[in-house]
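Q: I'd like to ask you about the structure that follows.
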Amino acid sequence: MSDNLSLGKNGQFGNIDFSKIRSGIKKEELLEGIDPKLKSVFEKIINQIDTNPNDKMLSRSELQHFFEEIKKLSGNDGNLSLRESKKY
C-alpha cells in the first residue's frame, strides 16, 4: 500500500498523503478538512492510540499507530470507504 489514502468512493471525501504528515502534528491539524462522516472514525482512532491526551499533539510512534490502524481499516485498495469506516 502506498502512502496515499483516498477517502470515500473514488476519493469523493478527499485524500491523505501520509508522507507529508510529520510527528508533532496537532490533532486538530490532522483532522482538518476531513469529511464529518469519516472524522468521527479518525477521532476514535486518535483517542485510542494517544498516550498523552493532554499534549494535543501526536508523537512519531502515535502517528505510526494511527497510520497502521487506518491502513488496516482501508484494506489493500488504499481507499477508506464509509462502509469500511463503520467497521471501526
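Following the order of the C-alpha cells, first chain is A, next is B, and so on, with residues numbered from 1 inside each chain and ligands from 1 in the order they appear.
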Can you pull out every residue within 9 Å of Gly14 (chain A), counting only C-alpha atoms, but drop anything in the same chain fewer than 2 positions away, and send it as a list in words?
A: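 So the residues in contact are Leu5, Ser6, Leu7, Gly8, Asn10, Gly11, Gln12, Ile16, Gly33, Ile34 and Asp35 of chain A.
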Q: To test your reading of the structure, identify every residue in chain A that backbone DSSP assigns to strand (DSSP E or B), and report it as a ChimeraX atom specification.
A: /A:4-7,15-17,25-26,57-58,79-80
Q: Figure out the distance between CA of Arg22 (chain A) and CA of Leu63 (chain A), please, to one decimal in Å.
A: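 Value for the CA of Leu63 (chain A)-CA of Arg22 (chain A) distance: 8.3 Å.
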Q: From the options A:Leu31, A:Glu62, A:Val41, A:Ile46, which residue's atoms come nearest to Leu80 (chain A), counting only C-alpha atoms?
A: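 Ranking A:Leu31, A:Glu62, A:Val41, A:Ile46 by distance to Leu80 (chain A), first place goes to A:Val41.
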Q: Hey, which of A:His65, A:Arg83, A:Lys72, A:Lys56 ends up closest to Gly24 (chain A)? Count only C-alpha atoms.
A: A:Lys56
Q: Tell me which protein, DNA and RNA residues are within 9 Å of region 74-78 of chain A, counting only C-alpha atoms, leaving out same-chain ones fewer than 4 positions away, and put them as a PyMOL selection string.
A: chain A and resi 1-7+69-70+84-85
Q: Could you write out that same residue set with N, CA, C and O atoms as a compact mmCIF listing (two decimals), in the first residue's frame?
A:
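What follows is the written file selection_39.txt:
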# COMPACT_ATOMS: atom_id res chain seq x y z
N MET A 1 0.84 -1.18 0.00
CA MET A 1 0.00 0.00 0.00
C MET A 1 0.88 1.24 0.00
O MET A 1 1.90 1.31 0.67
N SER A 2 0.48 2.23 -0.72
CA SER A 2 1.26 3.46 -0.82
C SER A 2 1.03 4.35 0.39
O SER A 2 0.29 4.02 1.29
N ASP A 3 1.65 5.51 0.37
CA ASP A 3 1.49 6.48 1.44
C ASP A 3 0.27 7.37 1.23
O ASP A 3 0.06 8.29 1.99
N ASN A 4 -0.51 7.10 0.20
CA ASN A 4 -1.71 7.89 -0.07
C ASN A 4 -2.96 7.08 0.27
O ASN A 4 -3.00 5.88 0.05
N LEU A 5 -3.96 7.75 0.78
CA LEU A 5 -5.22 7.11 1.13
C LEU A 5 -6.35 7.97 0.58
O LEU A 5 -6.39 9.18 0.82
N SER A 6 -7.25 7.35 -0.15
CA SER A 6 -8.44 8.05 -0.64
C SER A 6 -9.55 7.84 0.37
O SER A 6 -9.70 6.76 0.93
N LEU A 7 -10.34 8.88 0.56
CA LEU A 7 -11.46 8.81 1.49
C LEU A 7 -12.76 8.82 0.73
O LEU A 7 -13.02 9.73 -0.05
N GLU A 69 -3.56 1.68 11.83
CA GLU A 69 -4.99 1.44 12.01
C GLU A 69 -5.79 1.84 10.77
O GLU A 69 -6.68 1.13 10.33
N ILE A 70 -5.46 3.00 10.21
CA ILE A 70 -6.16 3.48 9.01
C ILE A 70 -5.91 2.53 7.84
O ILE A 70 -6.84 2.16 7.11
N GLU A 84 -16.35 0.70 5.17
CA GLU A 84 -15.20 0.22 5.93
C GLU A 84 -15.06 0.98 7.24
O GLU A 84 -14.71 0.40 8.27
N SER A 85 -15.35 2.27 7.22
CA SER A 85 -15.20 3.06 8.43
C SER A 85 -16.21 2.67 9.50
O SER A 85 -15.95 2.80 10.68
Q: Between A:Ile45, A:Asn52, A:Lys9, A:Lys87, single out the one closest to Gln64 (chain A), counting only C-alpha atoms.
A: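 Smallest distance to Gln64 (chain A) is found for A:Ile45.
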Q: Would you mind reading off the distance between CA of Ile21 (chain A) and CA of Pro36 (chain A), one decimal, in Å?
A: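 These atoms are spaced 20.1 Å apart.
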